[in-house]
Amino acid sequence: MPGSRHSRFASLHDVELCGLSVTGDRRAFGELVRRHGSAVRGVLRRMGAPSAEADDVAQDAFITAFERIAEFRGEGAFAAWVKKIAARLYLRRLQRDRKLGLLAAEAIEDEPETPRGDADAAIDLEEALKVLGAVERLCVTMCFGAGLSHSEAAEALNLPLGTVKSHVKRGLEKLRARLAPENGVVLEGRRGNG
Amino acid sequence: MVELDFERRLERLFASVPELPDAATFADRVERRLAAGWIARRWLIGAAGVVGGVIGASQLMLSNVFQRVETAGDSARLLSTSFNHMSTGADWYAAVSGGGTVVWVAAGLAVIMMGFVLTRMIGEI
């Protein structure tokens, strides 16, 4: 019975489940997938992946995580570690399908969106992200959703660091205009660690 | 300061992902893929063992090992006869050593042990 099968893992901490997974316990790892699957899929969708593709990549990311679980030292959160794997896998897929170049070209042609003035409606992040160009969206989500630094994102995207910083900065400005239209301060971007 | 606040807010927004309705199905799919990978791995190990066994057996046949074993069996029989002559109390040894059985049993055990060790080693890798 699936419920009882997984119940003994429900009370365990992520670190304990990772410890069991290192020994090859697939059910313990399944509990980790149950806990963090939505978060990983969510990041991929926010990066612009269609639902089915996001699910495929998320599955691959968890399989990769299981194979490399011994490398996870527990210094950060397990979910953050898998999100980074997933983000890199998605980018690799985009590069393989030669979609990344198209997205970059698309970004150059992007018209700057006019911030929507109606602050009355509670705009969720998904809606706000739609305002961003494809590459801006990728960069912002990789840095704020998947927890990559600017330099890691630049390496994964195969773009110059300065370009990634510019995309993040522009993306943040648009998001801010969308999420908090009353503030007009230009953002500098805290993650200038590259 | 204002931008830091916004970035923290953004991080919180990114961190708050609602549980997707098919989360359990997704986890089951991943578990099934992991299980399938494990089964494939076991089949591969098994197939590698069979291939290794066939190669080993063919090598044994090619090197006339059976003739040598028969010679060894004769030697063992000769030895056991000598032992029988030397010690009348050693009847148990004669019982098991007849017809080179001991050599065959030892060889079989050695092959099983080697197979077990190899499987464990591949499993660890």
# chains A, B, ... in the order shown; residues from 1 in each chain; ligands from 1
>>> interface_residues(of="chain A", to="chain B", cutoff="6 Å", atoms="only C-alpha atoms", output="PDB file with N, CA and C atoms, in the first residue's frame")
ATOM      1  N   GLY A  30      12.351   8.701  -3.075  1.00  0.00           N
ATOM      2  CA  GLY A  30      10.992   8.998  -3.554  1.00  0.00           C
ATOM      3  C   GLY A  30      10.292  10.002  -2.656  1.00  0.00           C
ATOM      4  N   VAL A  33      11.473  13.341  -3.554  1.00  0.00           N
ATOM      5  CA  VAL A  33      10.822  13.788  -4.800  1.00  0.00           C
ATOM      6  C   VAL A  33       9.414  14.297  -4.485  1.00  0.00           C
ATOM      7  N   ARG A  34       8.728  13.539  -3.613  1.00  0.00           N
ATOM      8  CA  ARG A  34       7.370  13.933  -3.223  1.00  0.00           C
ATOM      9  C   ARG A  34       7.373  15.328  -2.588  1.00  0.00           C
ATOM     10  N   SER A  38       7.394  19.573  -6.791  1.00  0.00           N
ATOM     11  CA  SER A  38       6.639  20.742  -7.277  1.00  0.00           C
ATOM     12  C   SER A  38       7.538  21.964  -7.372  1.00  0.00           C
ATOM     13  N   ALA A  39       8.438  22.115  -6.395  1.00  0.00           N
ATOM     14  CA  ALA A  39       9.329  23.283  -6.402  1.00  0.00           C
ATOM     15  C   ALA A  39      10.251  23.248  -7.617  1.00  0.00           C
ATOM     16  N   GLN A  59      12.199  15.335 -13.992  1.00  0.00           N
ATOM     17  CA  GLN A  59      12.455  13.892 -13.780  1.00  0.00           C
ATOM     18  C   GLN A  59      13.930  13.573 -13.979  1.00  0.00           C
ATOM     19  N   PHE A 144      17.380  33.899  -9.059  1.00  0.00           N
ATOM     20  CA  PHE A 144      16.526  34.033  -7.876  1.00  0.00           C
ATOM     21  C   PHE A 144      15.715  32.778  -7.574  1.00  0.00           C
ATOM     22  N   GLY A 145      15.437  31.990  -8.593  1.00  0.00           N
ATOM     23  CA  GLY A 145      14.651  30.773  -8.366  1.00  0.00           C
ATOM     24  C   GLY A 145      15.513  29.550  -8.144  1.00  0.00           C
ATOM     25  N   LEU A 187      17.210  49.370  -9.938  1.00  0.00           N
ATOM     26  CA  LEU A 187      17.870  48.301  -9.185  1.00  0.00           C
ATOM     27  C   LEU A 187      19.286  48.079  -9.683  1.00  0.00           C
TER      28      LEU A 187
END
>>> atom_distance(atom1="atom CA of Leu17 of chain A", atom2="atom CA of Thr64 of chain A")
16.2 Å
>>> residues_around(residues="Thr23 of chain A", least_positions_apart="6", cutoff="12 Å", atoms="only C-alpha atoms", output="MDAnalysis selection string")
(chainID A and resid 16:17 29 66:70) or (chainID B and resid 124)
>>> atom_distance(atom1="atom CA of Val15 of chain A", atom2="atom CA of Leu138 of chain A")
29.3 Å
>>> atom_distance(atom1="atom CA of Gly48 of chain A", atom2="atom CA of Arg35 of chain A")
22.4 Å
>>> closest_residue(among="B:Val117, B:Val111, B:Ala76, B:Ala106", to="Gly56 of chain B", atoms="only C-alpha atoms")
B:Val111
>>> residues_around(residues="His150 of chain A", least_positions_apart="2", cutoff="12 Å", atoms="only C-alpha atoms", output="PyMOL selection string")
chain A and resi 138-144+146-148+152-169+189-194
>>> write_last_selection(atoms="N, CA and C atoms", output="tab-separated table (two decimals), in the first residue's frame")
chain	number	residue	atom	x	y	z
A	138	LEU	N	14.90	33.78	-18.12
A	138	LEU	CA	15.84	32.70	-17.79
A	138	LEU	C	16.84	33.18	-16.74
A	139	CYS	N	17.42	34.35	-17.00
A	139	CYS	CA	18.47	34.85	-16.11
A	139	CYS	C	17.92	35.13	-14.71
A	140	VAL	N	16.79	35.80	-14.64
A	140	VAL	CA	16.22	36.14	-13.33
A	140	VAL	C	15.84	34.87	-12.58
A	141	THR	N	15.20	33.93	-13.27
A	141	THR	CA	14.76	32.71	-12.59
A	141	THR	C	15.96	31.87	-12.15
A	142	MET	N	16.99	31.84	-12.99
A	142	MET	CA	18.17	31.05	-12.60
A	142	MET	C	18.82	31.65	-11.35
A	143	CYS	N	18.87	32.98	-11.28
A	143	CYS	CA	19.54	33.62	-10.15
A	143	CYS	C	18.67	33.64	-8.90
A	144	PHE	N	17.38	33.90	-9.06
A	144	PHE	CA	16.53	34.03	-7.88
A	144	PHE	C	15.71	32.78	-7.57
A	146	ALA	N	16.56	29.41	-8.98
A	146	ALA	CA	17.42	28.22	-8.87
A	146	ALA	C	18.65	28.48	-8.00
A	147	GLY	N	18.87	29.74	-7.64
A	147	GLY	CA	19.95	30.05	-6.71
A	147	GLY	C	21.34	30.05	-7.33
A	148	LEU	N	21.41	30.23	-8.64
A	148	LEU	CA	22.74	30.31	-9.27
A	148	LEU	C	23.28	31.74	-9.14
A	152	GLU	N	27.71	31.71	-12.47
A	152	GLU	CA	27.24	30.34	-12.78
A	152	GLU	C	26.20	30.39	-13.90
A	153	ALA	N	25.32	31.40	-13.82
A	153	ALA	CA	24.29	31.54	-14.87
A	153	ALA	C	24.94	31.85	-16.22
A	154	ALA	N	25.97	32.72	-16.18
A	154	ALA	CA	26.65	33.08	-17.42
A	154	ALA	C	27.32	31.86	-18.04
A	155	GLU	N	27.92	31.06	-17.17
A	155	GLU	CA	28.60	29.85	-17.67
A	155	GLU	C	27.57	28.88	-18.26
A	156	ALA	N	26.46	28.70	-17.54
A	156	ALA	CA	25.44	27.76	-18.00
A	156	ALA	C	24.79	28.24	-19.30
A	157	LEU	N	24.61	29.55	-19.40
A	157	LEU	CA	23.97	30.11	-20.60
A	157	LEU	C	24.95	30.32	-21.73
A	158	ASN	N	26.24	30.20	-21.41
A	158	ASN	CA	27.29	30.46	-22.40
A	158	ASN	C	27.20	31.89	-22.92
A	159	LEU	N	26.97	32.80	-21.98
A	159	LEU	CA	26.88	34.23	-22.31
A	159	LEU	C	27.92	34.98	-21.49
A	160	PRO	N	28.36	36.14	-21.96
A	160	PRO	CA	29.29	36.93	-21.14
A	160	PRO	C	28.63	37.34	-19.82
A	161	LEU	N	29.46	37.44	-18.79
A	161	LEU	CA	28.94	37.79	-17.47
A	161	LEU	C	28.18	39.12	-17.47
A	162	GLY	N	28.77	40.10	-18.19
A	162	GLY	CA	28.13	41.42	-18.24
A	162	GLY	C	26.75	41.35	-18.87
A	163	THR	N	26.60	40.50	-19.87
A	163	THR	CA	25.30	40.36	-20.55
A	163	THR	C	24.27	39.80	-19.58
A	164	VAL	N	24.69	38.78	-18.82
A	164	VAL	CA	23.77	38.17	-17.85
A	164	VAL	C	23.37	39.20	-16.80
A	165	LYS	N	24.35	39.97	-16.33
A	165	LYS	CA	24.03	41.00	-15.32
A	165	LYS	C	23.03	42.01	-15.88
A	166	SER	N	23.23	42.39	-17.13
A	166	SER	CA	22.30	43.35	-17.75
A	166	SER	C	20.89	42.76	-17.86
A	167	HIS	N	20.83	41.48	-18.25
A	167	HIS	CA	19.51	40.83	-18.36
A	167	HIS	C	18.84	40.78	-16.99
A	168	VAL	N	19.61	40.44	-15.97
A	168	VAL	CA	19.03	40.36	-14.63
A	168	VAL	C	18.55	41.73	-14.19
A	169	LYS	N	19.37	42.73	-14.44
A	169	LYS	CA	19.02	44.08	-14.01
A	169	LYS	C	17.74	44.55	-14.71
A	189	GLY	N	21.04	45.25	-8.41
A	189	GLY	CA	21.24	43.79	-8.39
A	189	GLY	C	22.26	43.41	-7.35
A	190	ARG	N	21.79	42.68	-6.33
A	190	ARG	CA	22.65	42.30	-5.22
A	190	ARG	C	23.61	41.19	-5.59
A	191	ARG	N	23.26	40.40	-6.59
A	191	ARG	CA	24.02	39.18	-6.85
A	191	ARG	C	25.22	39.41	-7.76
A	192	GLY	N	25.84	40.55	-7.62
A	192	GLY	CA	27.00	40.82	-8.46
A	192	GLY	C	28.24	40.12	-7.92
A	193	ASN	N	28.15	38.84	-7.73
A	193	ASN	CA	29.26	38.09	-7.14
A	193	ASN	C	30.11	37.41	-8.19
A	194	GLY	N	29.83	37.69	-9.43
A	194	GLY	CA	30.64	37.06	-10.46
A	194	GLY	C	31.74	38.00	-10.88
>>> residues_around(residues="segment 53-55 of chain A", least_positions_apart="4", cutoff="10 Å", atoms="only C-alpha atoms", output="CSV table (one decimal) with C-alpha atoms, in the first residue's frame")
chain,number,residue,atom,x,y,z
A,37,GLY,CA,9.0,17.8,-7.0
A,38,SER,CA,6.6,20.7,-7.3
A,40,VAL,CA,11.7,21.9,-9.0
A,41,ARG,CA,9.0,21.8,-11.7
A,42,GLY,CA,7.9,25.2,-10.7
A,43,VAL,CA,11.3,26.7,-11.3
A,44,LEU,CA,11.5,25.1,-14.7
A,45,ARG,CA,8.1,26.4,-15.7
A,46,ARG,CA,9.1,29.9,-14.5
A,47,MET,CA,12.2,29.6,-16.7
A,48,GLY,CA,9.7,29.3,-19.5
A,49,ALA,CA,9.6,25.6,-20.0
A,59,GLN,CA,12.5,13.9,-13.8
A,60,ASP,CA,15.9,13.9,-15.4
A,61,ALA,CA,17.1,16.2,-12.7
A,86,ALA,CA,17.4,21.1,-13.2
A,87,ALA,CA,18.2,24.6,-14.4
A,90,TYR,CA,17.0,22.7,-19.1
A,93,ARG,CA,18.3,20.9,-23.6
B,26,PHE,CA,5.2,12.7,-10.6
>>> closest_residue(among="B:Ala107, B:Val54, B:Met113, B:Leu118", to="Val69 of chain B", atoms="only C-alpha atoms")
B:Ala107
